[in-house]
file query.pdb (PDB, C-alpha atoms)
ATOM      1  CA  MET D 299       0.000   0.000   0.000
ATOM      2  CA  ARG D 300       1.212   3.443  -0.919
ATOM      3  CA  GLU D 301       0.350   5.250   2.288
ATOM      4  CA  LEU D 302       0.654   4.521   5.994
ATOM      5  CA  SER D 303      -2.880   5.874   6.343
ATOM      6  CA  LEU D 304      -4.154   2.907   4.320
ATOM      7  CA  HIS D 305      -2.349   0.512   6.663
ATOM      8  CA  ILE D 306      -3.895   2.369   9.612
ATOM      9  CA  LEU D 307      -7.362   1.969   8.067
ATOM     10  CA  ASP D 308      -6.691  -1.713   7.401
ATOM     11  CA  LEU D 309      -5.503  -2.343  10.971
ATOM     12  CA  ALA D 310      -8.493  -0.465  12.404
ATOM     13  CA  GLN D 311     -10.772  -2.686  10.284
ATOM     14  CA  ASN D 312      -9.134  -5.688  11.978
ATOM     15  CA  SER D 313     -10.094  -4.134  15.343
ATOM     16  CA  ILE D 314     -13.699  -3.775  14.199
ATOM     17  CA  GLU D 315     -13.811  -7.341  12.907
ATOM     18  CA  ALA D 316     -12.544  -8.368  16.345
ATOM     19  CA  GLY D 317     -15.664  -6.782  17.827
ATOM     20  CA  ALA D 318     -14.051  -3.590  19.146
ATOM     21  CA  HIS D 319     -16.286  -0.681  20.175
ATOM     22  CA  ASN D 320     -13.457   1.535  21.398
ATOM     23  CA  VAL D 321     -10.358   2.257  19.344
ATOM     24  CA  ILE D 322      -7.469   4.646  19.936
ATOM     25  CA  ILE D 323      -5.345   5.695  16.971
ATOM     26  CA  GLU D 324      -2.185   7.553  17.932
ATOM     27  CA  ILE D 325       0.333   8.942  15.467
ATOM     28  CA  ASN D 326       3.588  10.594  16.484
ATOM     29  CA  GLU D 327       5.795  11.911  13.706
ATOM     30  CA  ASN D 328       8.763  12.101  16.050
ATOM     31  CA  GLU D 329       8.787   9.819  19.074
ATOM     32  CA  ASN D 330      12.430   9.463  20.115
ATOM     33  CA  GLY D 331      13.620   9.484  16.512
ATOM     34  CA  PHE D 332      10.877   7.231  15.201
ATOM     35  CA  PHE D 333       7.715   7.849  13.216
ATOM     36  CA  VAL D 334       5.242   5.785  15.202
ATOM     37  CA  PHE D 335       1.615   4.838  15.001
ATOM     38  CA  ARG D 336      -0.313   2.764  17.481
ATOM     39  CA  ILE D 337      -3.787   1.268  17.287
ATOM     40  CA  SER D 338      -5.365   0.017  20.510
ATOM     41  CA  ASP D 339      -8.721  -1.698  20.720
ATOM     42  CA  ASP D 340     -11.058  -3.479  23.108
ATOM     43  CA  GLY D 341     -11.850  -6.278  20.667
ATOM     44  CA  HIS D 342     -11.769  -9.960  21.610
ATOM     45  CA  GLY D 343      -7.979 -10.196  21.359
ATOM     46  CA  MET D 344      -5.811 -13.111  20.266
ATOM     47  CA  SER D 345      -4.199 -16.070  21.967
ATOM     48  CA  GLU D 346      -0.433 -16.011  22.442
ATOM     49  CA  GLU D 347      -0.158 -18.716  19.796
ATOM     50  CA  MET D 348      -2.001 -16.568  17.258
ATOM     51  CA  VAL D 349       0.176 -13.522  18.066
ATOM     52  CA  GLN D 350       3.259 -15.658  17.359
ATOM     53  CA  LYS D 351       1.932 -16.813  13.988
ATOM     54  CA  ILE D 352       0.238 -13.694  12.702
ATOM     55  CA  ARG D 353       3.172 -12.365  10.645
ATOM     56  CA  ASP D 354       2.863 -15.420   8.415
ATOM     57  CA  PRO D 355       0.658 -14.546   5.408
ATOM     58  CA  PHE D 356      -0.765 -18.048   5.380
ATOM     59  CA  VAL D 357      -2.310 -17.518   8.796
ATOM     60  CA  THR D 358      -5.657 -15.755   8.851
ATOM     61  CA  THR D 359      -8.938 -15.938  10.739
ATOM     62  CA  ARG D 360     -10.970 -15.206   7.666
ATOM     63  CA  THR D 361     -12.982 -17.890   5.945
ATOM     64  CA  THR D 362     -13.357 -16.362   2.482
ATOM     65  CA  ARG D 363      -9.738 -16.978   1.516
ATOM     66  CA  LYS D 364      -6.611 -18.546   2.968
ATOM     67  CA  VAL D 365      -4.160 -15.644   2.855
ATOM     68  CA  GLY D 366      -4.074 -12.640   5.208
ATOM     69  CA  MET D 367      -1.780  -9.911   3.952
ATOM     70  CA  GLY D 368      -2.441  -6.962   6.282
ATOM     71  CA  ILE D 369      -0.061  -7.768   9.158
ATOM     72  CA  PRO D 370       2.677  -9.431   7.009
ATOM     73  CA  PHE D 371       2.757  -6.305   4.785
ATOM     74  CA  MET D 372       3.100  -4.016   7.782
ATOM     75  CA  ASP D 373       5.794  -6.230   9.330
ATOM     76  CA  MET D 374       7.824  -6.115   6.122
ATOM     77  CA  VAL D 375       7.513  -2.343   5.624
ATOM     78  CA  THR D 376       8.554  -1.467   9.196
ATOM     79  CA  LYS D 377      11.610  -3.738   8.981
ATOM     80  CA  GLN D 378      12.665  -2.238   5.649
ATOM     81  CA  CYS D 379      12.575   1.189   7.313
ATOM     82  CA  GLY D 380      14.711   0.445  10.363
ATOM     83  CA  GLY D 381      11.717   0.054  12.628
ATOM     84  CA  HIS D 382       9.560  -2.633  14.160
ATOM     85  CA  LEU D 383       6.020  -3.935  14.444
ATOM     86  CA  LEU D 384       4.895  -4.769  17.972
ATOM     87  CA  ILE D 385       1.728  -6.726  18.620
ATOM     88  CA  GLN D 386       0.409  -7.167  22.126
ATOM     89  CA  SER D 387      -2.845  -8.949  22.665
ATOM     90  CA  ARG D 388      -4.823 -10.600  25.412
ATOM     91  CA  LYS D 389      -7.766 -12.823  24.807
ATOM     92  CA  GLY D 390     -10.932 -11.050  25.924
ATOM     93  CA  LYS D 391      -9.110  -7.747  26.578
ATOM     94  CA  GLY D 392      -7.997  -6.330  23.245
ATOM     95  CA  THR D 393      -5.019  -5.713  21.027
ATOM     96  CA  VAL D 394      -2.360  -3.039  20.602
ATOM     97  CA  VAL D 395      -0.448  -2.819  17.337
ATOM     98  CA  GLU D 396       2.508  -0.440  17.213
ATOM     99  CA  ALA D 397       4.392   0.291  14.004
ATOM    100  CA  ALA D 398       7.632   2.285  14.150
ATOM    101  CA  PHE D 399       9.854   3.554  11.347
ATOM    102  CA  ALA D 400      13.230   5.285  11.612
ATOM    103  CA  LYS D 401      12.106   8.932  11.332
ATOM    104  CA  ASP D 402      14.164   9.973   8.314
ATOM    105  CA  ASN D 403      14.285   6.653   6.495
ATOM    106  CA  ILE D 404      13.743   7.428   2.806
ATOM    107  CA  ASP D 405      11.883   4.156   2.239
ATOM    108  CA  ARG D 406       9.133   5.029   4.688
ATOM    109  CA  PRO D 407       5.840   5.438   2.847
ATOM    110  CA  PRO D 408       4.244   8.864   3.395
ATOM    111  CA  LEU D 409       1.490   9.143   5.990
ATOM    112  CA  GLY D 410      -0.857  10.180   3.181
ATOM    113  CA  ASP D 411      -4.491  11.087   3.630
ATOM    114  CA  ILE D 412      -5.129  10.248   7.271
ATOM    115  CA  VAL D 413      -8.246  12.441   7.351
ATOM    116  CA  SER D 414      -9.945  10.278   4.692
ATOM    117  CA  SER D 415      -8.999   7.108   6.554
ATOM    118  CA  ILE D 416     -10.538   8.389   9.793
ATOM    119  CA  LYS D 417     -13.664   9.668   8.046
ATOM    120  CA  VAL D 418     -14.255   6.414   6.170
ATOM    121  CA  LEU D 419     -13.696   4.443   9.365
ATOM    122  CA  LEU D 420     -16.272   6.465  11.329
ATOM    123  CA  VAL D 421     -18.939   6.502   8.624
ATOM    124  CA  GLY D 422     -18.493   2.771   7.953
ATOM    125  CA  THR D 423     -18.728   1.892  11.656
ATOM    126  CA  PRO D 424     -21.127   4.433  13.140
ATOM    127  CA  TYR D 425     -21.155   2.875  16.641
ATOM    128  CA  LEU D 426     -17.369   3.122  17.017
ATOM    129  CA  GLU D 427     -15.911   5.360  19.721
ATOM    130  CA  LEU D 428     -12.599   6.620  18.409
ATOM    131  CA  LYS D 429      -9.932   8.635  20.109
ATOM    132  CA  PHE D 430      -7.507  10.107  17.602
ATOM    133  CA  ILE D 431      -4.201  11.530  18.831
ATOM    134  CA  TYR D 432      -1.802  13.282  16.495
ATOM    135  CA  LYS D 433       1.581  14.425  17.763
ATOM    136  CA  ILE D 434       4.818  15.819  16.478
ATOM    137  CA  GLY D 435       7.251  15.247  19.325
ATOM    138  CA  THR D 436       5.578  16.496  22.501
ATOM    139  CA  SER D 437       3.054  18.898  20.946
ATOM    140  CA  GLY D 438      -0.141  17.668  19.420
ATOM    141  CA  PHE D 439      -3.901  17.478  19.602
ATOM    142  CA  ASP D 440      -6.512  14.853  20.186
ATOM    143  CA  ILE D 441     -10.173  14.423  19.427
ATOM    144  CA  ASP D 442     -12.585  11.930  20.896
ATOM    145  CA  THR D 443     -15.856  10.931  19.212
ATOM    146  CA  ARG D 444     -17.444  10.896  22.683
ATOM    147  CA  VAL D 445     -16.940  14.662  22.926
ATOM    148  CA  ILE D 446     -18.544  15.152  19.505
ATOM    149  CA  ARG D 447     -21.410  12.851  20.434
ATOM    150  CA  SER D 448     -22.086  14.698  23.685
ATOM    151  CA  LEU D 449     -22.232  18.054  21.843
ATOM    152  CA  LEU D 450     -24.495  16.708  19.094
ATOM    153  CA  GLY D 451     -26.744  14.806  21.489
ATOM    154  CA  ASP D 452     -29.460  12.829  19.731
ATOM    155  CA  GLU D 453     -28.235  14.037  16.339
ATOM    156  CA  ALA D 454     -24.787  12.464  16.768
ATOM    157  CA  ASP D 455     -24.635  10.283  13.682
ATOM    158  CA  PHE D 456     -21.425  10.065  11.664
ATOM    159  CA  THR D 457     -23.314   8.727   8.639
ATOM    160  CA  ARG D 458     -24.945  12.142   8.129
ATOM    161  CA  PRO D 459     -23.215  14.274   5.489
ATOM    162  CA  GLU D 460     -23.237  17.418   7.647
ATOM    163  CA  VAL D 461     -21.491  15.551  10.470
ATOM    164  CA  TYR D 462     -18.779  13.800   8.456
ATOM    165  CA  THR D 463     -18.143  16.925   6.372
ATOM    166  CA  TRP D 464     -17.702  19.029   9.506
ATOM    167  CA  PHE D 465     -15.436  16.411  11.069
ATOM    168  CA  GLU D 466     -13.288  16.145   7.943
ATOM    169  CA  GLU D 467     -12.757  19.908   7.784
ATOM    170  CA  TYR D 468     -12.050  20.124  11.509
ATOM    171  CA  LEU D 469      -9.398  17.379  11.364
ATOM    172  CA  LYS D 470      -7.708  18.910   8.301
ATOM    173  CA  GLN D 471      -7.533  22.255  10.055
ATOM    174  CA  GLU D 472      -6.102  20.851  13.310
ATOM    175  CA  ILE D 473      -3.428  18.819  11.516
ATOM    176  CA  SER D 474      -2.312  21.679   9.296
ATOM    177  CA  GLN D 475      -2.168  24.037  12.304
ATOM    178  CA  LEU D 476       0.030  21.585  14.169
ATOM    179  CA  ARG D 477       2.364  21.199  11.181
ATOM    180  CA  CYS D 478       2.605  25.006  10.754
ATOM    181  CA  GLU D 479       3.498  25.515  14.414
ATOM    182  CA  GLN D 480       6.300  22.981  14.035
ATOM    183  CA  GLU D 481       7.839  24.859  11.116
ATOM    184  CA  VAL D 482       8.099  28.174  12.988
TER
ATOM    185  CA  MET A  52     -12.161  28.277  11.336
ATOM    186  CA  LYS A  53     -13.954  25.215  12.716
ATOM    187  CA  THR A  54     -14.448  24.855  16.443
ATOM    188  CA  LEU A  55     -16.289  22.372  18.631
ATOM    189  CA  GLU A  56     -18.741  25.227  19.321
ATOM    190  CA  ASP A  57     -20.043  24.749  15.739
ATOM    191  CA  LEU A  58     -21.566  21.455  16.824
ATOM    192  CA  LYS A  59     -24.216  23.175  18.938
ATOM    193  CA  ALA A  60     -25.591  25.022  15.919
ATOM    194  CA  LEU A  61     -25.227  21.898  13.794
ATOM    195  CA  ARG A  62     -27.262  19.968  16.338
ATOM    196  CA  GLU A  63     -30.221  22.328  15.909
ATOM    197  CA  LYS A  64     -29.971  22.150  12.137
ATOM    198  CA  LEU A  65     -29.842  18.346  12.157
ATOM    199  CA  LYS A  66     -32.807  18.160  14.492
ATOM    200  CA  ALA A  67     -34.900  20.089  11.954
ATOM    201  CA  ASP A  68     -33.693  17.893   9.052
ATOM    202  CA  MET A  69     -34.329  14.635  10.902
ATOM    203  CA  LYS A  70     -38.022  14.716  10.060
ATOM    204  CA  VAL A  71     -37.361  14.269   6.354
ATOM    205  CA  ARG A  72     -34.757  11.534   6.702
ATOM    206  CA  GLN A  73     -35.903   7.996   6.022
ATOM    207  CA  ASN A  74     -33.971   4.897   6.957
ATOM    208  CA  ASP A  75     -35.581   2.510   4.482
ATOM    209  CA  GLY A  76     -33.765   4.078   1.552
ATOM    210  CA  THR A  77     -31.092   2.774  -0.783
ATOM    211  CA  LYS A  78     -27.969   1.117   0.614
ATOM    212  CA  ILE A  79     -24.455   1.426  -0.784
ATOM    213  CA  ILE A  80     -22.079  -1.252   0.535
ATOM    214  CA  ILE A  81     -18.320  -1.019  -0.041
ATOM    215  CA  GLY A  82     -15.736  -3.811   0.414
ATOM    216  CA  MET A  83     -13.190  -2.661   3.017
ATOM    217  CA  GLY A  84     -11.006  -5.717   3.544
ATOM    218  CA  THR A  85      -7.239  -5.479   2.971
ATOM    219  CA  CYS A  86      -7.879  -6.340  -0.692
ATOM    220  CA  GLY A  87     -10.478  -3.593  -1.058
ATOM    221  CA  ILE A  88      -8.351  -0.972   0.696
ATOM    222  CA  ALA A  89      -5.271  -1.886  -1.395
ATOM    223  CA  ALA A  90      -7.365  -1.543  -4.570
ATOM    224  CA  GLY A  91      -8.633   1.937  -3.600
ATOM    225  CA  ALA A  92     -11.782   1.375  -1.503
ATOM    226  CA  ARG A  93     -11.030   4.391   0.694
ATOM    227  CA  GLU A  94     -10.976   6.729  -2.316
ATOM    228  CA  VAL A  95     -14.154   5.151  -3.709
ATOM    229  CA  MET A  96     -15.953   5.510  -0.380
ATOM    230  CA  SER A  97     -14.725   9.106  -0.063
ATOM    231  CA  ALA A  98     -16.068   9.834  -3.553
ATOM    232  CA  VAL A  99     -19.419   8.275  -2.577
ATOM    233  CA  LEU A 100     -19.600  10.372   0.602
ATOM    234  CA  ASN A 101     -18.753  13.555  -1.323
ATOM    235  CA  GLU A 102     -21.338  12.837  -4.001
ATOM    236  CA  LEU A 103     -24.056  12.105  -1.425
ATOM    237  CA  ALA A 104     -23.203  15.350   0.405
ATOM    238  CA  VAL A 105     -23.230  17.403  -2.830
ATOM    239  CA  ARG A 106     -26.529  15.903  -4.008
ATOM    240  CA  LYS A 107     -27.976  16.048  -0.477
ATOM    241  CA  LEU A 108     -29.028  12.399  -0.696
ATOM    242  CA  ASN A 109     -29.613  12.160   3.039
ATOM    243  CA  ASP A 110     -31.627   8.955   3.023
ATOM    244  CA  VAL A 111     -28.970   6.809   1.311
ATOM    245  CA  GLN A 112     -27.104   4.598   3.773
ATOM    246  CA  VAL A 113     -23.424   3.827   3.269
ATOM    247  CA  GLN A 114     -22.134   0.612   4.814
ATOM    248  CA  GLN A 115     -18.923  -1.374   4.621
ATOM    249  CA  THR A 116     -18.166  -5.041   4.496
ATOM    250  CA  GLY A 117     -14.996  -7.128   4.792
ATOM    251  CA  CYS A 118     -13.437  -9.362   2.155
ATOM    252  CA  ILE A 119     -16.054 -11.487   0.406
ATOM    253  CA  GLY A 120     -13.574 -13.562  -1.642
ATOM    254  CA  MET A 121     -13.693 -11.691  -4.943
ATOM    255  CA  CYS A 122     -10.427  -9.865  -4.218
ATOM    256  CA  GLU A 123      -9.423  -9.659  -7.889
ATOM    257  CA  LYS A 124     -12.565  -7.641  -8.640
ATOM    258  CA  GLU A 125     -12.102  -5.065  -5.892
ATOM    259  CA  VAL A 126     -13.126  -2.316  -5.383
ATOM    260  CA  LEU A 127     -16.570  -3.896  -5.015
ATOM    261  CA  VAL A 128     -19.591  -1.672  -4.519
ATOM    262  CA  ASP A 129     -23.086  -3.072  -3.950
ATOM    263  CA  ILE A 130     -26.230  -1.051  -4.504
ATOM    264  CA  VAL A 131     -29.455  -2.212  -2.889
ATOM    265  CA  ARG A 132     -32.582  -0.279  -3.760
ATOM    266  CA  PRO A 133     -35.641  -1.237  -1.724
ATOM    267  CA  GLY A 134     -37.466  -4.150  -3.350
ATOM    268  CA  GLU A 135     -34.877  -4.595  -6.132
ATOM    269  CA  PRO A 136     -32.043  -7.115  -6.642
ATOM    270  CA  ARG A 137     -28.702  -6.434  -4.956
ATOM    271  CA  ILE A 138     -26.312  -5.351  -7.693
ATOM    272  CA  THR A 139     -22.541  -5.753  -7.285
ATOM    273  CA  TYR A 140     -20.235  -3.505  -9.278
ATOM    274  CA  GLY A 141     -16.582  -4.528  -9.682
ATOM    275  CA  LYS A 142     -13.294  -2.723 -10.300
ATOM    276  CA  VAL A 143     -14.947   0.531  -9.321
ATOM    277  CA  LYS A 144     -12.777   3.649  -9.552
ATOM    278  CA  PRO A 145     -13.536   6.977  -7.816
ATOM    279  CA  GLU A 146     -14.357   8.479 -11.229
ATOM    280  CA  ASP A 147     -17.107   5.838 -11.758
ATOM    281  CA  VAL A 148     -18.940   6.901  -8.602
ATOM    282  CA  LYS A 149     -20.801   9.883 -10.075
ATOM    283  CA  LYS A 150     -22.222   7.713 -12.842
ATOM    284  CA  ILE A 151     -23.305   4.878 -10.529
ATOM    285  CA  ILE A 152     -25.036   7.318  -8.181
ATOM    286  CA  ALA A 153     -26.711   9.340 -10.949
ATOM    287  CA  GLU A 154     -27.838   6.332 -12.987
ATOM    288  CA  HIS A 155     -28.549   3.618 -10.439
ATOM    289  CA  VAL A 156     -29.062   5.206  -7.017
ATOM    290  CA  VAL A 157     -31.052   8.209  -8.230
ATOM    291  CA  ASN A 158     -32.716   6.955 -11.432
ATOM    292  CA  GLY A 159     -32.848   3.178 -10.925
ATOM    293  CA  ARG A 160     -30.983   2.334 -14.149
ATOM    294  CA  ILE A 161     -28.323  -0.359 -13.609
ATOM    295  CA  VAL A 162     -24.903   0.458 -15.118
ATOM    296  CA  GLU A 163     -24.722  -2.928 -16.889
ATOM    297  CA  GLU A 164     -21.118  -2.753 -18.156
ATOM    298  CA  MET A 165     -19.740  -2.635 -14.594
ATOM    299  CA  VAL A 166     -21.924  -5.315 -12.996
ATOM    300  CA  VAL A 167     -20.170  -8.453 -11.675
ATOM    301  CA  GLY A 168     -23.043  -9.939  -9.680
ATOM    302  CA  LYS A 169     -26.740  -9.810  -9.078
ATOM    303  CA  ILE A 170     -28.515 -11.287  -6.064
ATOM    304  CA  MET A 171     -32.297 -11.428  -5.872
ATOM    305  CA  GLN A 172     -33.581 -10.260  -2.502
ATOM    306  CA  ASP A 173     -36.178 -12.380  -0.785
TER
END
call {"tool": "encode", "arguments": {"input": "query.pdb", "output": "structure tokens"}}
result
Amino acid sequence: MRELSLHILDLAQNSIEAGAHNVIIEINENENGFFVFRISDDGHGMSEEMVQKIRDPFVTTRTTRKVGMGIPFMDMVTKQCGGHLLIQSRKGKGTVVEAAFAKDNIDRPPLGDIVSSIKVLLVGTPYLELKFIYKIGTSGFDIDTRVIRSLLGDEADFTRPEVYTWFEEYLKQEISQLRCEQEV
Amino acid sequence: MKTLEDLKALREKLKADMKVRQNDGTKIIIGMGTCGIAAGAREVMSAVLNELAVRKLNDVQVQQTGCIGMCEKEVLVDIVRPGEPRITYGKVKPEDVKKIIAEHVVNGRIVEEMVVGKIMQD
């Protein structure tokens, strides 16, 4: 995949398929010299045996085909970029996937259109509670769908065009502000 | 400048619109497995969401599904109009979205050259 944002969307879809209702997506462009993203969920988790095997493309939980490429792809890309892929999971508790890339590695795919990934995720899974954290070093911002839901009350529905359009514009604005501040 | 304060005004506006929104309308279902995402499902879904917002098609529901085993035909987009067969379009590109929405979703005319499957609803 061309963009890290597509991997993030793919990994978040795994969380949803694992029955998660709460997901945290955290991106830090500079965490101790690494570009890092982390996806934490409260889905049904995996056994230790599954965690050991999951980097193998011929291991998958799906029934429609016998090859699962999401995690093996991610594992390969992080390693090619002087980083790592960490997977921690507990059955019945949830899963945390952390991908790290050496910050200035020229092979690292660009983050790409993270706003579209988040929007598509929320519209496609309207019951999801998502906390999104975006940092560059120690400065950053976060947004929680619970806050948006409490302000919108009964009208809080991410499938409504007015809501996802507002959210898209808000996220774009916050990310570009953060990036501008960093350049000063 | 967007602020969280906007949401209070938006809430009032949505409350007024709610009366005209129906939930038994047309469904658009997009394949969002790894295969779909790698083939461009995010861009297709974004194009669908933009088109629905521009045309103010508030009663169309957008849903996603995982891999259904036709990975080579991704991006897969299904259109289900109430009481009509479920139509699956394959190899959908963002630039095809306008046509599918105008022809099929709005006017009920299936875009035959892009169809890869048809399921009768019971």
call {"tool": "closest_atom_pairs", "arguments": {"input": "query.pdb", "of": "chain D", "to": "chain A", "cutoff": "7 Å", "atoms": "only C-alpha atoms", "output": "Markdown table"}}
result
| residue | atom | partner | partner_atom | distance |
| --- | --- | --- | --- | --- |
| D:Met299 | CA | A:Ala89 | CA | 5.8 |
| D:Leu304 | CA | A:Ile88 | CA | 6.8 |
| D:Asp308 | CA | A:Thr85 | CA | 5.8 |
| D:Thr362 | CA | A:Gly120 | CA | 5.0 |
| D:Arg363 | CA | A:Gly120 | CA | 6.0 |
| D:Gly368 | CA | A:Thr85 | CA | 6.0 |
| D:Ser414 | CA | A:Ser97 | CA | 6.8 |
| D:Ser415 | CA | A:Arg93 | CA | 6.8 |
| D:Val418 | CA | A:Arg93 | CA | 6.7 |
| D:Gly422 | CA | A:Gln114 | CA | 5.3 |
| D:Leu449 | CA | A:Leu58 | CA | 6.1 |
| D:Leu450 | CA | A:Arg62 | CA | 5.1 |
| D:Glu453 | CA | A:Arg62 | CA | 6.0 |
| D:Arg458 | CA | A:Asn109 | CA | 6.9 |
| D:Pro459 | CA | A:Ala104 | CA | 5.2 |
| D:Tyr468 | CA | A:Lys53 | CA | 5.6 |
call {"tool": "residues_around", "arguments": {"input": "query.pdb", "residues": "segment 391-400 of chain D", "least_positions_apart": "6", "cutoff": "7 Å", "atoms": "all atoms listed in the file", "output": "PyMOL selection string"}}
result
chain D and resi 331-343+376+379-385+406
call {"tool": "write_last_selection", "arguments": {"input": "query.pdb", "atoms": "C-alpha atoms", "output": "compact mmCIF listing (two decimals), in the frame of the given file"}}
result
# COMPACT_ATOMS: atom_id res chain seq x y z
CA GLY D 331 13.62 9.48 16.51
CA PHE D 332 10.88 7.23 15.20
CA PHE D 333 7.72 7.85 13.22
CA VAL D 334 5.24 5.78 15.20
CA PHE D 335 1.62 4.84 15.00
CA ARG D 336 -0.31 2.76 17.48
CA ILE D 337 -3.79 1.27 17.29
CA SER D 338 -5.36 0.02 20.51
CA ASP D 339 -8.72 -1.70 20.72
CA ASP D 340 -11.06 -3.48 23.11
CA GLY D 341 -11.85 -6.28 20.67
CA HIS D 342 -11.77 -9.96 21.61
CA GLY D 343 -7.98 -10.20 21.36
CA THR D 376 8.55 -1.47 9.20
CA CYS D 379 12.58 1.19 7.31
CA GLY D 380 14.71 0.44 10.36
CA GLY D 381 11.72 0.05 12.63
CA HIS D 382 9.56 -2.63 14.16
CA LEU D 383 6.02 -3.94 14.44
CA LEU D 384 4.89 -4.77 17.97
CA ILE D 385 1.73 -6.73 18.62
CA ARG D 406 9.13 5.03 4.69
call {"tool": "resolve_selection", "arguments": {"input": "query.pdb", "expression": "the PyMOL selection byres ((chain D and resi 471-479) around 10)", "output": "ChimeraX atom specification"}}
result
/D:412-413,432-434,437-441,465-470,480-482 /A:52-54
call {"tool": "resolve_selection", "arguments": {"input": "query.pdb", "expression": "the PyMOL selection byres ((chain A and resi 129) around 8)", "output": "list in words"}}
result
Lys78, Ile79, Ile80, Ile81, Leu127, Val128, Ile130, Val131, Arg137, Ile138, Thr139 and Tyr140 of chain A
call {"tool": "write_last_selection", "arguments": {"input": "query.pdb", "atoms": "C-alpha atoms", "output": "PDB file, keeping the file's coordinate frame"}}
result
ATOM      1  CA  LYS A  78     -27.969   1.117   0.614  1.00  0.00           C
ATOM      2  CA  ILE A  79     -24.455   1.426  -0.784  1.00  0.00           C
ATOM      3  CA  ILE A  80     -22.079  -1.252   0.535  1.00  0.00           C
ATOM      4  CA  ILE A  81     -18.320  -1.019  -0.041  1.00  0.00           C
ATOM      5  CA  LEU A 127     -16.570  -3.896  -5.015  1.00  0.00           C
ATOM      6  CA  VAL A 128     -19.591  -1.672  -4.519  1.00  0.00           C
ATOM      7  CA  ILE A 130     -26.230  -1.051  -4.504  1.00  0.00           C
ATOM      8  CA  VAL A 131     -29.455  -2.212  -2.889  1.00  0.00           C
ATOM      9  CA  ARG A 137     -28.702  -6.434  -4.956  1.00  0.00           C
ATOM     10  CA  ILE A 138     -26.312  -5.351  -7.693  1.00  0.00           C
ATOM     11  CA  THR A 139     -22.541  -5.753  -7.285  1.00  0.00           C
ATOM     12  CA  TYR A 140     -20.235  -3.505  -9.278  1.00  0.00           C
TER      13      TYR A 140
END
call {"tool": "atom_distance", "arguments": {"input": "query.pdb", "atom1": "atom CA of Glu135 of chain A", "atom2": "atom CA of Gly82 of chain A"}}
result
20.2 Å
call {"tool": "atom_distance", "arguments": {"input": "query.pdb", "atom1": "atom CA of Gly317 of chain D", "atom2": "atom CA of Lys351 of chain D"}}
result
20.6 Å
call {"tool": "atom_distance", "arguments": {"input": "query.pdb", "atom1": "atom CA of Ile306 of chain D", "atom2": "atom CA of Val445 of chain D"}}
result
22.3 Å
call {"tool": "closest_residue", "arguments": {"input": "query.pdb", "among": "D:Ile446, D:Leu309, D:Met344, D:Ala318", "to": "Pro370 of chain D", "atoms": "only C-alpha atoms"}}
result
D:Leu309
call {"tool": "closest_residue", "arguments": {"input": "query.pdb", "among": "A:Ile152, A:Ala98, A:Val167, A:Val162", "to": "Glu125 of chain A", "atoms": "only C-alpha atoms"}}
result
A:Val167
call {"tool": "residues_around", "arguments": {"input": "query.pdb", "residues": "Pro136 of chain A", "least_positions_apart": "5", "cutoff": "12 Å", "atoms": "only C-alpha atoms", "output": "PDB file with C-alpha atoms, in the frame of the given file"}}
result
ATOM      1  CA  THR A  77     -31.092   2.774  -0.783  1.00  0.00           C
ATOM      2  CA  LYS A  78     -27.969   1.117   0.614  1.00  0.00           C
ATOM      3  CA  ASP A 129     -23.086  -3.072  -3.950  1.00  0.00           C
ATOM      4  CA  ILE A 130     -26.230  -1.051  -4.504  1.00  0.00           C
ATOM      5  CA  VAL A 131     -29.455  -2.212  -2.889  1.00  0.00           C
ATOM      6  CA  HIS A 155     -28.549   3.618 -10.439  1.00  0.00           C
ATOM      7  CA  GLY A 159     -32.848   3.178 -10.925  1.00  0.00           C
ATOM      8  CA  ILE A 161     -28.323  -0.359 -13.609  1.00  0.00           C
ATOM      9  CA  GLY A 168     -23.043  -9.939  -9.680  1.00  0.00           C
ATOM     10  CA  LYS A 169     -26.740  -9.810  -9.078  1.00  0.00           C
ATOM     11  CA  ILE A 170     -28.515 -11.287  -6.064  1.00  0.00           C
ATOM     12  CA  MET A 171     -32.297 -11.428  -5.872  1.00  0.00           C
ATOM     13  CA  GLN A 172     -33.581 -10.260  -2.502  1.00  0.00           C
ATOM     14  CA  ASP A 173     -36.178 -12.380  -0.785  1.00  0.00           C
TER      15      ASP A 173
END
call {"tool": "build_atoms", "arguments": {"input": "query.pdb", "residues": "segment 85-89 of chain A", "atoms": "N, CA, C and O atoms", "output": "PDB file, in the frame of the given file"}}
result
ATOM      1  N   THR A  85      -8.574  -5.896   3.423  1.00  0.00           N
ATOM      2  CA  THR A  85      -7.239  -5.479   2.971  1.00  0.00           C
ATOM      3  C   THR A  85      -7.211  -5.371   1.445  1.00  0.00           C
ATOM      4  O   THR A  85      -6.652  -4.412   0.879  1.00  0.00           O
ATOM      5  N   CYS A  86      -7.860  -6.335   0.779  1.00  0.00           N
ATOM      6  CA  CYS A  86      -7.879  -6.340  -0.692  1.00  0.00           C
ATOM      7  C   CYS A  86      -8.594  -5.113  -1.239  1.00  0.00           C
ATOM      8  O   CYS A  86      -8.116  -4.464  -2.167  1.00  0.00           O
ATOM      9  N   GLY A  87      -9.726  -4.764  -0.628  1.00  0.00           N
ATOM     10  CA  GLY A  87     -10.478  -3.593  -1.058  1.00  0.00           C
ATOM     11  C   GLY A  87      -9.677  -2.312  -0.834  1.00  0.00           C
ATOM     12  O   GLY A  87      -9.565  -1.471  -1.727  1.00  0.00           O
ATOM     13  N   ILE A  88      -9.108  -2.184   0.354  1.00  0.00           N
ATOM     14  CA  ILE A  88      -8.351  -0.972   0.696  1.00  0.00           C
ATOM     15  C   ILE A  88      -7.156  -0.821  -0.251  1.00  0.00           C
ATOM     16  O   ILE A  88      -6.901   0.262  -0.776  1.00  0.00           O
ATOM     17  N   ALA A  89      -6.451  -1.941  -0.513  1.00  0.00           N
ATOM     18  CA  ALA A  89      -5.271  -1.886  -1.395  1.00  0.00           C
ATOM     19  C   ALA A  89      -5.682  -1.490  -2.815  1.00  0.00           C
ATOM     20  O   ALA A  89      -4.911  -0.877  -3.552  1.00  0.00           O
TER      21      ALA A  89
END
